[in-house]
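Next comes my_file_32.csv, a file with CSV, C-alpha atoms.
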chain,number,residue,atom,x,y,z
A,52,MET,CA,19.4,85.1,-33.6
A,53,LYS,CA,21.8,82.1,-33.5
A,54,ASN,CA,21.6,79.7,-36.4
A,55,ASP,CA,18.8,77.2,-35.6
A,56,GLU,CA,20.7,74.3,-37.1
A,57,SER,CA,23.7,74.3,-34.9
A,58,ARG,CA,23.1,73.2,-31.3
A,59,ASN,CA,26.5,74.1,-30.0
A,60,ASP,CA,30.1,74.6,-31.2
A,61,GLU,CA,31.0,71.0,-30.9
A,62,SER,CA,28.2,69.7,-33.2
A,63,ARG,CA,29.1,72.4,-35.8
A,64,HIS,CA,32.7,71.2,-35.8
A,65,VAL,CA,31.6,67.6,-36.1
A,66,ASN,CA,29.3,68.5,-39.0
A,67,SER,CA,32.1,70.1,-41.0
A,68,ILE,CA,34.3,67.0,-40.6
A,69,SER,CA,31.4,64.7,-41.5
A,70,ILE,CA,30.8,66.4,-44.9
A,71,ASP,CA,34.4,65.6,-46.0
A,72,ALA,CA,34.0,62.0,-44.8
A,73,ALA,CA,30.8,61.6,-46.7
A,74,THR,CA,32.2,62.5,-50.1
A,75,SER,CA,35.3,60.2,-49.9
A,76,PRO,CA,35.0,56.8,-51.5
A,77,ASP,CA,33.9,53.8,-49.4
A,78,GLY,CA,36.7,51.6,-48.1
A,79,SER,CA,36.0,48.0,-47.0
A,80,LYS,CA,32.9,47.5,-44.9
A,81,LYS,CA,35.0,46.8,-41.8
A,82,SER,CA,37.0,50.1,-41.8
A,83,HIS,CA,33.9,52.0,-42.8
A,84,ASP,CA,32.0,50.5,-39.9
A,85,LYS,CA,34.9,51.4,-37.5
A,86,SER,CA,35.0,55.0,-38.7
A,87,ALA,CA,31.2,55.2,-38.7
A,88,GLY,CA,31.4,54.1,-35.0
A,89,ARG,CA,34.0,56.7,-34.2
A,90,GLU,CA,32.2,59.4,-36.0
A,91,ALA,CA,29.0,58.5,-34.2
A,92,PHE,CA,30.8,58.6,-30.9
A,93,ARG,CA,32.1,62.1,-31.6
A,94,TYR,CA,28.6,63.2,-32.1
A,95,ALA,CA,27.1,61.3,-29.2
A,96,PHE,CA,29.5,62.0,-26.4
A,97,PRO,CA,28.9,65.8,-26.0
A,98,LEU,CA,25.2,65.2,-25.9
A,99,THR,CA,25.6,62.8,-23.0
A,100,VAL,CA,27.6,65.2,-20.9
A,101,PRO,CA,24.6,66.6,-19.0
A,102,ILE,CA,23.4,63.1,-18.4
A,103,CYS,CA,26.9,62.3,-17.1
A,104,ALA,CA,26.6,65.1,-14.5
A,105,GLY,CA,23.2,64.1,-13.5
A,106,PHE,CA,23.9,60.3,-13.3
A,107,LEU,CA,27.2,60.8,-11.4
A,108,PHE,CA,25.6,62.9,-8.7
A,109,LEU,CA,22.3,60.9,-8.6
A,110,GLY,CA,24.2,57.7,-8.6
A,111,ILE,CA,26.4,58.9,-5.8
A,112,SER,CA,23.4,59.9,-3.7
A,113,TYR,CA,21.8,56.5,-4.5
A,114,GLY,CA,24.9,54.7,-3.4
A,115,LEU,CA,25.1,56.8,-0.2
A,116,PHE,CA,21.4,56.1,0.5
A,117,ALA,CA,21.5,52.4,-0.1
A,118,VAL,CA,24.6,51.9,2.1
A,119,GLY,CA,23.0,54.2,4.7
A,120,GLN,CA,20.0,51.8,4.8
A,121,GLY,CA,22.4,49.0,5.7
A,122,LEU,CA,23.0,47.3,2.4
A,123,PRO,CA,26.6,46.0,1.7
A,124,TRP,CA,28.6,48.2,-0.6
A,125,TYR,CA,28.5,45.9,-3.6
A,126,LEU,CA,24.8,45.4,-3.7
A,127,PRO,CA,23.8,48.9,-5.0
A,128,ILE,CA,26.5,48.5,-7.7
A,129,ILE,CA,25.0,45.1,-8.8
A,130,MET,CA,21.5,46.6,-8.7
A,131,SER,CA,22.5,49.6,-10.8
A,132,ALA,CA,24.1,47.3,-13.4
A,133,THR,CA,21.2,44.9,-13.7
A,134,ILE,CA,18.1,47.0,-13.0
A,135,PHE,CA,19.4,50.2,-14.5
A,136,ALA,CA,16.3,52.2,-13.7
A,137,GLY,CA,17.0,54.9,-11.0
A,138,SER,CA,13.6,55.4,-9.5
A,139,MET,CA,12.9,51.6,-9.2
A,140,GLU,CA,16.4,51.1,-7.6
A,141,PHE,CA,15.5,53.5,-4.8
A,142,VAL,CA,12.2,51.6,-4.3
A,143,THR,CA,14.1,48.3,-4.3
A,144,VAL,CA,16.2,49.4,-1.3
A,145,ALA,CA,12.9,49.7,0.6
A,146,LEU,CA,11.8,46.3,-0.7
A,147,LEU,CA,15.0,44.7,0.6
A,148,THR,CA,14.3,45.9,4.1
A,149,ALA,CA,10.6,44.8,4.0
A,150,PRO,CA,9.1,41.3,4.3
A,151,PHE,CA,10.1,38.9,1.4
A,152,ASP,CA,7.6,39.3,-1.4
A,153,PRO,CA,9.1,38.4,-4.9
A,154,LEU,CA,5.8,38.5,-6.7
A,155,GLY,CA,4.9,41.9,-5.3
A,156,ALA,CA,8.4,43.1,-6.3
A,157,PHE,CA,7.9,41.9,-9.9
A,158,ILE,CA,4.5,43.6,-10.2
A,159,LEU,CA,5.7,46.8,-8.6
A,160,ALA,CA,8.8,46.9,-10.9
A,161,PHE,CA,6.5,46.3,-13.9
A,162,MET,CA,4.2,49.2,-13.0
A,163,VAL,CA,6.8,51.7,-11.8
A,164,ASN,CA,8.7,51.2,-15.1
A,165,GLY,CA,5.5,51.0,-17.2
A,166,ARG,CA,6.6,54.0,-19.3
A,167,HIS,CA,9.3,51.8,-20.9
A,168,ILE,CA,6.5,50.0,-22.7
A,169,PHE,CA,5.8,53.2,-24.5
A,170,TYR,CA,9.5,53.8,-25.1
A,171,GLY,CA,9.6,50.4,-26.8
A,172,LEU,CA,6.6,51.3,-29.0
A,173,THR,CA,8.3,54.6,-29.9
A,174,MET,CA,11.7,53.1,-30.7
A,175,LEU,CA,10.2,49.9,-32.4
A,176,THR,CA,11.2,50.8,-35.9
A,177,ARG,CA,14.4,52.6,-35.0
A,178,TYR,CA,15.9,49.8,-32.8
A,179,THR,CA,14.6,46.6,-34.5
A,180,SER,CA,16.7,47.4,-37.7
A,181,GLN,CA,20.0,47.5,-35.8
A,182,GLY,CA,20.8,43.8,-35.7
A,183,TRP,CA,22.7,42.6,-32.7
A,184,LYS,CA,22.9,46.1,-31.3
A,185,LYS,CA,19.2,46.0,-30.5
A,186,TYR,CA,19.7,43.8,-27.4
A,187,PRO,CA,22.0,46.2,-25.5
A,188,LEU,CA,19.9,49.1,-26.8
A,189,ILE,CA,16.6,47.7,-25.3
A,190,PHE,CA,18.4,46.5,-22.1
A,191,GLY,CA,19.7,50.0,-21.5
A,192,MET,CA,16.6,51.9,-22.5
A,193,CYS,CA,16.3,54.2,-19.6
A,194,ASP,CA,14.5,57.6,-19.6
A,195,GLU,CA,17.5,59.6,-20.6
A,196,SER,CA,18.8,57.3,-23.3
A,197,PHE,CA,15.3,57.2,-24.7
A,198,ALA,CA,14.9,60.9,-24.5
A,199,LEU,CA,18.2,61.5,-26.5
A,200,ASN,CA,17.7,58.8,-29.1
A,201,ALA,CA,14.0,59.5,-29.7
A,202,THR,CA,14.4,63.2,-30.3
A,203,VAL,CA,17.8,63.6,-31.9
A,204,ASN,CA,18.1,64.9,-35.5
A,205,LEU,CA,21.1,63.2,-36.9
A,206,PRO,CA,23.0,64.4,-39.9
A,207,ASP,CA,22.8,61.9,-42.8
A,208,ASN,CA,26.4,60.7,-42.4
A,209,VAL,CA,26.2,59.8,-38.7
A,210,ASP,CA,25.4,56.1,-38.2
A,211,ARG,CA,22.2,55.8,-36.3
A,212,GLY,CA,22.9,52.4,-34.8
A,213,TRP,CA,26.3,53.4,-33.4
A,214,PHE,CA,25.0,56.7,-32.2
A,215,TYR,CA,22.2,54.9,-30.3
A,216,LEU,CA,24.6,52.4,-28.9
A,217,HIS,CA,27.2,55.0,-27.7
A,218,VAL,CA,24.5,57.0,-26.0
A,219,THR,CA,23.2,53.8,-24.3
A,220,TRP,CA,26.5,52.4,-23.0
A,221,LEU,CA,27.9,55.8,-22.0
A,222,ASN,CA,24.8,56.5,-19.9
A,223,PHE,CA,25.1,53.0,-18.4
A,224,VAL,CA,28.7,53.6,-17.4
A,225,TYR,CA,28.0,57.0,-15.9
A,226,TRP,CA,25.2,55.5,-13.7
A,227,VAL,CA,27.1,52.5,-12.5
A,228,LEU,CA,30.2,54.6,-11.9
A,229,GLY,CA,28.2,57.1,-9.9
A,230,VAL,CA,26.6,54.4,-7.7
A,231,ALA,CA,30.1,52.8,-7.2
A,232,MET,CA,31.5,56.1,-6.1
A,233,GLY,CA,28.6,56.6,-3.6
A,234,SER,CA,28.7,53.1,-2.2
A,235,ILE,CA,32.5,53.0,-1.8
A,236,GLY,CA,33.4,56.5,-1.2
A,237,SER,CA,30.7,57.7,1.2
A,238,GLN,CA,33.1,59.2,3.7
A,239,PHE,CA,34.8,61.4,1.1
A,240,ILE,CA,31.8,63.4,-0.1
A,241,THR,CA,31.8,66.8,1.4
A,242,LEU,CA,30.3,69.1,-1.2
A,243,ASN,CA,26.7,70.2,-0.7
A,244,LEU,CA,24.9,68.6,-3.5
A,245,LYS,CA,21.4,69.6,-2.5
A,246,GLY,CA,19.3,70.2,-5.5
A,247,ILE,CA,21.5,68.4,-8.0
A,248,GLU,CA,18.6,66.1,-9.0
A,249,PHE,CA,17.2,69.1,-10.9
A,250,VAL,CA,19.6,68.4,-13.7
A,251,LEU,CA,17.3,65.7,-15.0
A,252,THR,CA,14.3,68.1,-14.9
A,253,ALA,CA,16.5,70.6,-16.8
A,254,LEU,CA,17.5,68.0,-19.4
A,255,PHE,CA,13.9,67.0,-20.2
A,256,ALA,CA,12.8,70.7,-20.1
A,257,VAL,CA,15.5,71.8,-22.5
A,258,ILE,CA,14.8,69.0,-25.0
A,259,PHE,CA,11.1,69.8,-24.9
A,260,LEU,CA,11.8,73.5,-25.3
A,261,ASP,CA,14.2,72.9,-28.1
A,262,MET,CA,11.4,71.0,-29.9
A,263,LEU,CA,9.0,73.9,-29.5
A,264,LEU,CA,11.5,76.5,-30.6
A,265,LYS,CA,12.3,74.5,-33.8
A,266,GLY,CA,8.5,74.5,-34.5
A,267,LYS,CA,8.4,70.7,-34.8
A,268,ASN,CA,6.0,68.3,-33.0
A,269,LEU,CA,4.1,71.1,-31.4
A,270,MET,CA,0.8,69.2,-31.4
A,271,PRO,CA,2.0,65.9,-29.9
A,272,GLY,CA,4.3,67.8,-27.5
A,273,PHE,CA,1.4,69.9,-26.1
A,274,ILE,CA,-0.9,66.9,-26.0
A,275,GLY,CA,1.7,65.0,-24.0
A,276,LEU,CA,2.3,67.9,-21.6
A,277,GLY,CA,-1.4,68.7,-21.1
A,278,VAL,CA,-2.5,65.1,-20.6
A,279,SER,CA,0.3,64.5,-18.1
A,280,LEU,CA,-0.4,67.7,-16.1
A,281,LEU,CA,-4.1,66.8,-16.0
A,282,MET,CA,-3.5,63.3,-14.8
A,283,ARG,CA,-0.9,64.4,-12.3
A,284,ILE,CA,-3.4,66.9,-10.9
A,285,LEU,CA,-6.3,64.5,-10.9
A,286,LEU,CA,-4.5,61.3,-9.7
A,287,GLY,CA,-1.5,62.6,-7.6
A,288,PRO,CA,2.2,61.9,-8.1
A,289,ASP,CA,2.3,58.1,-7.6
A,290,VAL,CA,-0.3,56.7,-10.0
A,291,PHE,CA,-0.6,59.2,-12.8
A,292,MET,CA,1.9,57.9,-15.3
A,293,LEU,CA,0.2,54.9,-16.8
A,294,PRO,CA,-3.2,56.6,-17.1
A,295,ALA,CA,-1.5,59.5,-18.8
A,296,MET,CA,0.3,57.3,-21.3
A,297,ALA,CA,-2.9,55.3,-21.9
A,298,LEU,CA,-4.9,58.5,-22.6
A,299,MET,CA,-2.2,59.8,-24.9
A,300,VAL,CA,-2.3,56.6,-27.0
A,301,VAL,CA,-6.1,56.8,-27.1
A,302,ILE,CA,-6.0,60.4,-28.3
A,303,PHE,CA,-3.3,59.7,-31.0
A,304,SER,CA,-5.3,56.6,-32.1
A,305,LEU,CA,-8.3,58.8,-32.6
A,306,LEU,CA,-6.3,61.4,-34.5
A,307,TYR,CA,-4.9,58.6,-36.7
A,308,LYS,CA,-8.4,57.4,-37.5
A,309,ILE,CA,-9.6,61.0,-38.2
A,310,LYS,CA,-6.5,61.5,-40.4
A,311,GLY,CA,-7.2,58.3,-42.3
A,312,LYS,CA,-10.9,59.3,-42.8
A,313,LYS,CA,-9.9,62.7,-44.1
A,314,GLU,CA,-7.5,61.1,-46.7
A,315,THR,CA,-10.2,58.7,-47.9
A,316,ASP,CA,-12.7,61.5,-48.2
A,317,LEU,CA,-10.3,63.6,-50.2
A,318,ALA,CA,-9.4,60.6,-52.4
A,319,ASP,CA,-13.1,60.0,-53.1
A,320,GLU,CA,-13.6,63.6,-54.1
A,321,GLY,CA,-10.7,63.2,-56.6
A,322,GLY,CA,-8.4,65.7,-54.9
A,323,THR,CA,-4.9,65.1,-53.5
A,324,ALA,CA,-4.4,64.1,-49.8
A,325,SER,CA,-3.1,66.8,-47.6
B,1045,MET,CA,16.0,39.0,4.7
B,1046,THR,CA,18.5,36.2,3.8
B,1047,ALA,CA,21.1,36.6,1.0
B,1048,TRP,CA,19.0,34.2,-1.1
B,1049,GLU,CA,15.8,36.2,-0.5
B,1050,MET,CA,17.6,39.4,-1.5
B,1051,THR,CA,18.9,37.8,-4.7
B,1052,ILE,CA,15.4,36.6,-5.6
B,1053,THR,CA,13.9,40.0,-4.8
B,1054,ILE,CA,16.4,41.8,-7.0
B,1055,GLY,CA,15.9,39.2,-9.7
B,1056,ALA,CA,12.2,39.8,-9.6
B,1057,VAL,CA,12.7,43.6,-10.0
B,1058,VAL,CA,15.1,43.0,-12.9
B,1059,LEU,CA,12.6,40.7,-14.6
B,1060,GLY,CA,9.8,43.2,-14.1
B,1061,THR,CA,11.9,46.1,-15.5
B,1062,MET,CA,13.2,44.1,-18.5
B,1063,ALA,CA,9.6,43.0,-19.2
B,1064,THR,CA,8.6,46.6,-19.7
B,1065,ARG,CA,11.5,47.3,-22.0
B,1066,PHE,CA,11.3,44.2,-24.2
B,1067,ILE,CA,7.6,43.7,-24.4
B,1068,SER,CA,6.8,46.0,-27.3
B,1069,PHE,CA,9.6,44.4,-29.3
B,1070,VAL,CA,8.4,40.9,-28.6
B,1071,VAL,CA,4.8,41.6,-29.4
B,1072,PHE,CA,5.6,43.1,-32.8
B,1073,ALA,CA,8.6,40.8,-33.6
B,1074,LYS,CA,6.8,38.6,-36.1
B,1075,SER,CA,5.5,41.4,-38.3
B,1076,GLU,CA,8.1,42.4,-40.9
B,1077,LYS,CA,6.7,45.9,-40.8
B,1078,PRO,CA,4.7,47.0,-37.8
B,1079,PRO,CA,1.1,48.2,-38.5
B,1080,ALA,CA,0.9,51.8,-39.8
B,1081,ILE,CA,-0.6,53.0,-36.6
B,1082,VAL,CA,2.4,51.8,-34.7
B,1083,THR,CA,4.6,53.9,-37.0
B,1084,TYR,CA,2.3,56.8,-36.5
B,1085,LEU,CA,2.6,56.4,-32.7
B,1086,GLY,CA,6.3,56.2,-33.1
B,1087,ASP,CA,6.2,59.6,-34.7
B,1088,MET,CA,3.9,61.2,-32.2
B,1089,LEU,CA,5.1,59.6,-28.9
B,1090,PRO,CA,8.6,61.0,-28.6
B,1091,ALA,CA,7.3,64.6,-28.3
B,1092,ALA,CA,4.4,63.6,-26.1
B,1093,VAL,CA,6.5,61.4,-23.8
B,1094,MET,CA,9.0,64.3,-23.5
B,1095,GLY,CA,6.1,66.4,-22.1
B,1096,LEU,CA,5.3,63.5,-19.8
B,1097,LEU,CA,8.9,63.3,-18.6
B,1098,VAL,CA,9.0,67.0,-17.8
B,1099,VAL,CA,5.9,66.5,-15.6
B,1100,TYR,CA,7.3,63.2,-14.2
B,1101,SER,CA,10.6,64.9,-13.1
B,1102,LEU,CA,8.5,67.6,-11.3
B,1103,LYS,CA,5.9,65.2,-9.9
B,1104,GLY,CA,7.1,65.7,-6.3
B,1105,VAL,CA,6.6,69.4,-6.4
B,1106,SER,CA,3.7,70.6,-4.3
B,1107,LEU,CA,2.1,74.0,-4.9
B,1108,ALA,CA,0.5,73.9,-1.5
B,1109,VAL,CA,3.6,73.1,0.6
B,1110,ALA,CA,6.6,75.5,0.9
B,1111,PRO,CA,8.6,76.3,-1.1
B,1112,ASN,CA,5.5,75.9,-3.3
B,1113,GLY,CA,7.4,75.1,-6.5
B,1114,ILE,CA,8.9,78.6,-6.6
B,1115,PRO,CA,12.6,77.5,-7.0
B,1116,GLU,CA,11.6,75.2,-9.8
B,1117,ALA,CA,9.6,77.9,-11.5
B,1118,ILE,CA,12.4,80.4,-11.3
B,1119,ALA,CA,15.0,78.0,-12.5
B,1120,LEU,CA,12.8,76.9,-15.4
B,1121,VAL,CA,12.1,80.4,-16.5
B,1122,ILE,CA,15.8,81.3,-16.4
B,1123,LEU,CA,16.6,78.0,-18.3
B,1124,ALA,CA,14.0,78.9,-20.9
B,1125,VAL,CA,15.4,82.4,-21.4
B,1126,VAL,CA,19.0,81.2,-21.7
B,1127,HIS,CA,18.0,78.5,-24.1
B,1128,TYR,CA,16.0,80.9,-26.3
B,1129,TRP,CA,19.0,83.2,-26.3
B,1130,ARG,CA,21.9,80.8,-27.0
B,1131,ARG,CA,20.2,77.4,-28.1
B,1132,ASN,CA,23.0,75.5,-26.3
B,1133,LEU,CA,21.9,72.3,-24.6
B,1134,LEU,CA,24.7,72.1,-22.1
B,1135,LEU,CA,24.7,75.7,-21.2
B,1136,SER,CA,20.9,75.9,-20.5
B,1137,ILE,CA,21.0,72.7,-18.4
B,1138,ALA,CA,24.0,73.9,-16.4
B,1139,VAL,CA,22.6,77.4,-15.7
B,1140,GLY,CA,19.1,76.0,-14.8
B,1141,THR,CA,20.6,73.4,-12.4
B,1142,ILE,CA,23.0,75.8,-10.8
B,1143,VAL,CA,20.3,78.4,-10.3
B,1144,TYR,CA,18.1,75.8,-8.7
B,1145,MET,CA,20.8,74.5,-6.4
B,1146,PHE,CA,21.6,78.0,-5.3
B,1147,LEU,CA,18.0,78.7,-4.6
B,1148,VAL,CA,17.3,75.6,-2.5
B,1149,GLN,CA,20.6,75.9,-0.6
B,1150,GLU,CA,20.7,79.6,0.1
B,1151,ILE,CA,17.3,81.1,-0.2
B,1152,PHE,CA,14.5,78.7,0.3

Written as structure tokens, how would this file's structure read?
Amino acid sequence: MKNDESRNDESRHVNSISIDAATSPDGSKKSHDKSAGREAFRYAFPLTVPICAGFLFLGISYGLFAVGQGLPWYLPIIMSATIFAGSMEFVTVALLTAPFDPLGAFILAFMVNGRHIFYGLTMLTRYTSQGWKKYPLIFGMCDESFALNATVNLPDNVDRGWFYLHVTWLNFVYWVLGVAMGSIGSQFITLNLKGIEFVLTALFAVIFLDMLLKGKNLMPGFIGLGVSLLMRILLGPDVFMLPAMALMVVIFSLLYKIKGKKETDLADEGGTAS
Amino acid sequence: MTAWEMTITIGAVVLGTMATRFISFVVFAKSEKPPAIVTYLGDMLPAAVMGLLVVYSLKGVSLAVAPNGIPEAIALVILAVVHYWRRNLLLSIAVGTIVYMFLVQEIF
């Protein structure tokens, strides 16, 4: 069975370089920061390659779709760079051809993207400590950047802040580039790309599977999967997200309370907390 | 819609989206350290939300309507086998996607 710790050849190679860098003495903060940035980039870039593939093709299809609905070529590009949330961008195309309703648009965007609230909760401690970087990190907190940054296990010598930032800006560039290619180059696309959107399902499935195979986070993983499936079945595809997330938070809060009670009970008995 | 109305509409969508991204950070900005339960949620939620995202990416699949989720199921099983075997992120994603694209283009 392949070594559990190395995800792929690239990361094994990076790890061996990193060990040497970690043992050499610290230079000035500026040069250390620069090399930390480069080191983090070498680690981050390969992990974003599947997202690049997905975003390029999804972005192209979005650009094609938007222009096909009659929007000028520059509009989808502007939307992709400012909204940076794929599913909502598709909905916005429909909004732009419907009667003018800015308040409705705001509320819809808030609800469609509601899951970002939970991403923020999850990344709260990880992003807040990153100084100026936290602003671009939060701005660019899409599903895929969140998925990578929330679940990655970084070796000690890879700078977290730079890793997060590289993942975020790389994914941003992939998306905007893809949309630009679709908007501008619609007449040149001849490949049959039917089914390419599955790459995003594949990405989430592999990350989830990887988690299970490593034996970590089994409990919350299955709670998340189970609750989501239940809500999707009960409520249908359009409205299940927010109730699923709310139910998850309720379940974890209950578990937290139970955990706290267990620890107090054990302390009272004079034993050590588990 | 006029150019102005389009701008305002897009602006409203941007505001709504950014609100969802920034709100947790704003609400907990003042506290030097967030409450312990928030840290606990931060430990639990990544895995749980990953499960949610898998379901989210498959939300359009209908078991009742052809092709009844079969291409997705086949692609996911093959993806799982390949990942169990090689533990390579890129390989598993590529194989799963290519299998799916082949299935929906040629077979279903």

Set out as a tab-separated table a contact list for chain A and chain B with a cut-off of 6 Å, giving each residue of chain A that qualifies its closest atom pair and distance in Å to one decimal, counting all atoms listed in the file, ordered by chain and rising residue number.
residue	atom	partner	partner_atom	distance
A:Arg58	CA	B:Asn1132	CA	5.5
A:Asn59	CA	B:Asn1132	CA	5.3
A:Ile134	CA	B:Val1058	CA	5.0
A:Pro153	CA	B:Thr1053	CA	5.1
A:Ala156	CA	B:Val1057	CA	5.7
A:Phe157	CA	B:Gly1060	CA	4.8
A:Ala160	CA	B:Gly1060	CA	5.0
A:Phe161	CA	B:Gly1060	CA	4.5
A:Gly165	CA	B:Thr1064	CA	5.9
A:His167	CA	B:Arg1065	CA	5.1
A:Ile168	CA	B:Thr1064	CA	5.0
A:Gly171	CA	B:Ser1068	CA	5.2
A:Leu172	CA	B:Ser1068	CA	5.6
A:Thr173	CA	B:Gly1086	CA	4.1
A:Ala201	CA	B:Pro1090	CA	5.7
A:Gly246	CA	B:Met1145	CA	4.6
A:Phe249	CA	B:Thr1141	CA	5.7
A:Val250	CA	B:Thr1141	CA	5.3
A:Thr252	CA	B:Ser1101	CA	5.2
A:Ala253	CA	B:Ile1137	CA	5.2
A:Leu254	CA	B:Ile1137	CA	5.9
A:Phe255	CA	B:Val1098	CA	5.5
A:Ala256	CA	B:Val1098	CA	5.8
A:Pro271	CA	B:Ala1092	CA	5.0
A:Gly272	CA	B:Ala1092	CA	4.4
A:Gly275	CA	B:Ala1092	CA	3.7
A:Leu276	CA	B:Gly1095	CA	4.1
A:Ser279	CA	B:Leu1096	CA	5.4
A:Pro288	CA	B:Lys1103	CA	5.3

Could those residues be written to a file, using C-alpha atoms, as a compact mmCIF listing (two decimals), in the frame of the given file?
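Now in part.txt:
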# COMPACT_ATOMS: atom_id res chain seq x y z
CA ARG A 58 23.10 73.20 -31.30
CA ASN A 59 26.50 74.10 -30.00
CA ILE A 134 18.10 47.00 -13.00
CA PRO A 153 9.10 38.40 -4.90
CA ALA A 156 8.40 43.10 -6.30
CA PHE A 157 7.90 41.90 -9.90
CA ALA A 160 8.80 46.90 -10.90
CA PHE A 161 6.50 46.30 -13.90
CA GLY A 165 5.50 51.00 -17.20
CA HIS A 167 9.30 51.80 -20.90
CA ILE A 168 6.50 50.00 -22.70
CA GLY A 171 9.60 50.40 -26.80
CA LEU A 172 6.60 51.30 -29.00
CA THR A 173 8.30 54.60 -29.90
CA ALA A 201 14.00 59.50 -29.70
CA GLY A 246 19.30 70.20 -5.50
CA PHE A 249 17.20 69.10 -10.90
CA VAL A 250 19.60 68.40 -13.70
CA THR A 252 14.30 68.10 -14.90
CA ALA A 253 16.50 70.60 -16.80
CA LEU A 254 17.50 68.00 -19.40
CA PHE A 255 13.90 67.00 -20.20
CA ALA A 256 12.80 70.70 -20.10
CA PRO A 271 2.00 65.90 -29.90
CA GLY A 272 4.30 67.80 -27.50
CA GLY A 275 1.70 65.00 -24.00
CA LEU A 276 2.30 67.90 -21.60
CA SER A 279 0.30 64.50 -18.10
CA PRO A 288 2.20 61.90 -8.10

Between A:Trp220, A:Ile128, A:Gly119, A:Asp319, which has the minimum distance to A:Tyr186 (counting only C-alpha atoms)? A:Trp220

To one decimal place, how far is atom CA of A:Leu280 from atom CA of A:Leu293 in Å?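 Value for the atom CA of A:Leu280-atom CA of A:Leu293 distance: 12.8 Å.
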
What's around stretch 98-107 of chain A at 6 Å? Count only C-alpha atoms, leave out sequence neighbours fewer than 5 positions away in its own chain, and write the answer as a VMD selection string. chain A and resid 225 to 226 229 250

For a test of reading the model, state the distance in Å between atom CA of A:Asn200 and atom CA of B:Ile1118, rounded to one decimal.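 We find that atom CA of A:Asn200 and atom CA of B:Ile1118 lie 28.5 Å from each other.
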
For the atom pair atom CA of B:Trp1048 and atom CA of A:Leu147, what is the interatomic distance in Å to one decimal place? 11.4 Å

Nearest candidate to A:Arg177 (options A:Ala198, A:Leu221, A:Arg211, A:Ala136; using all atoms listed in the file):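 Residue with the minimum atom-to-atom distance to A:Arg177: A:Arg211.
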
Selection near A:Met282, 10 Å with all atoms listed in the file, sequence-local residues under 5 positions removed, as a tab-separated table (two decimals) with C-alpha atoms, in the coordinates of the input:
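The resulting selection.tsv:
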chain	number	residue	atom	x	y	z
A	277	GLY	CA	-1.40	68.70	-21.10
A	287	GLY	CA	-1.50	62.60	-7.60
A	288	PRO	CA	2.20	61.90	-8.10
A	290	VAL	CA	-0.30	56.70	-10.00
A	291	PHE	CA	-0.60	59.20	-12.80
A	292	MET	CA	1.90	57.90	-15.30
A	293	LEU	CA	0.20	54.90	-16.80
A	294	PRO	CA	-3.20	56.60	-17.10
A	295	ALA	CA	-1.50	59.50	-18.80
A	296	MET	CA	0.30	57.30	-21.30
A	298	LEU	CA	-4.90	58.50	-22.60
B	1099	VAL	CA	5.90	66.50	-15.60

Quick test: take stretch 193-200 of chain A, keep N, CA, C and O atoms, and write it as a compact mmCIF listing (two decimals), in the first residue's frame.
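The result, written out as selection_36.txt:
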# COMPACT_ATOMS: atom_id res chain seq x y z
N CYS A 193 -14.07 31.13 -2.19
CA CYS A 193 -15.06 30.34 -2.93
C CYS A 193 -15.03 28.90 -2.43
O CYS A 193 -14.17 28.54 -1.64
N ASP A 194 -15.94 28.06 -2.92
CA ASP A 194 -16.04 26.67 -2.47
C ASP A 194 -14.71 25.94 -2.55
O ASP A 194 -14.29 25.28 -1.62
N GLU A 195 -14.05 26.08 -3.70
CA GLU A 195 -12.86 25.29 -3.96
C GLU A 195 -11.67 25.75 -3.12
O GLU A 195 -10.92 24.92 -2.60
N SER A 196 -11.47 27.07 -3.01
CA SER A 196 -10.38 27.59 -2.18
C SER A 196 -10.62 27.22 -0.72
O SER A 196 -9.69 26.85 0.00
N PHE A 197 -11.88 27.31 -0.31
CA PHE A 197 -12.21 26.90 1.05
C PHE A 197 -11.90 25.42 1.25
O PHE A 197 -11.26 25.04 2.23
N ALA A 198 -12.36 24.59 0.30
CA ALA A 198 -12.16 23.14 0.43
C ALA A 198 -10.68 22.81 0.60
O ALA A 198 -10.28 22.03 1.47
N LEU A 199 -9.83 23.41 -0.22
CA LEU A 199 -8.39 23.16 -0.14
C LEU A 199 -7.81 23.68 1.17
O LEU A 199 -7.12 22.96 1.89
N ASN A 200 -8.09 24.93 1.49
CA ASN A 200 -7.46 25.55 2.66
C ASN A 200 -7.94 24.95 3.97
O ASN A 200 -7.19 24.88 4.94
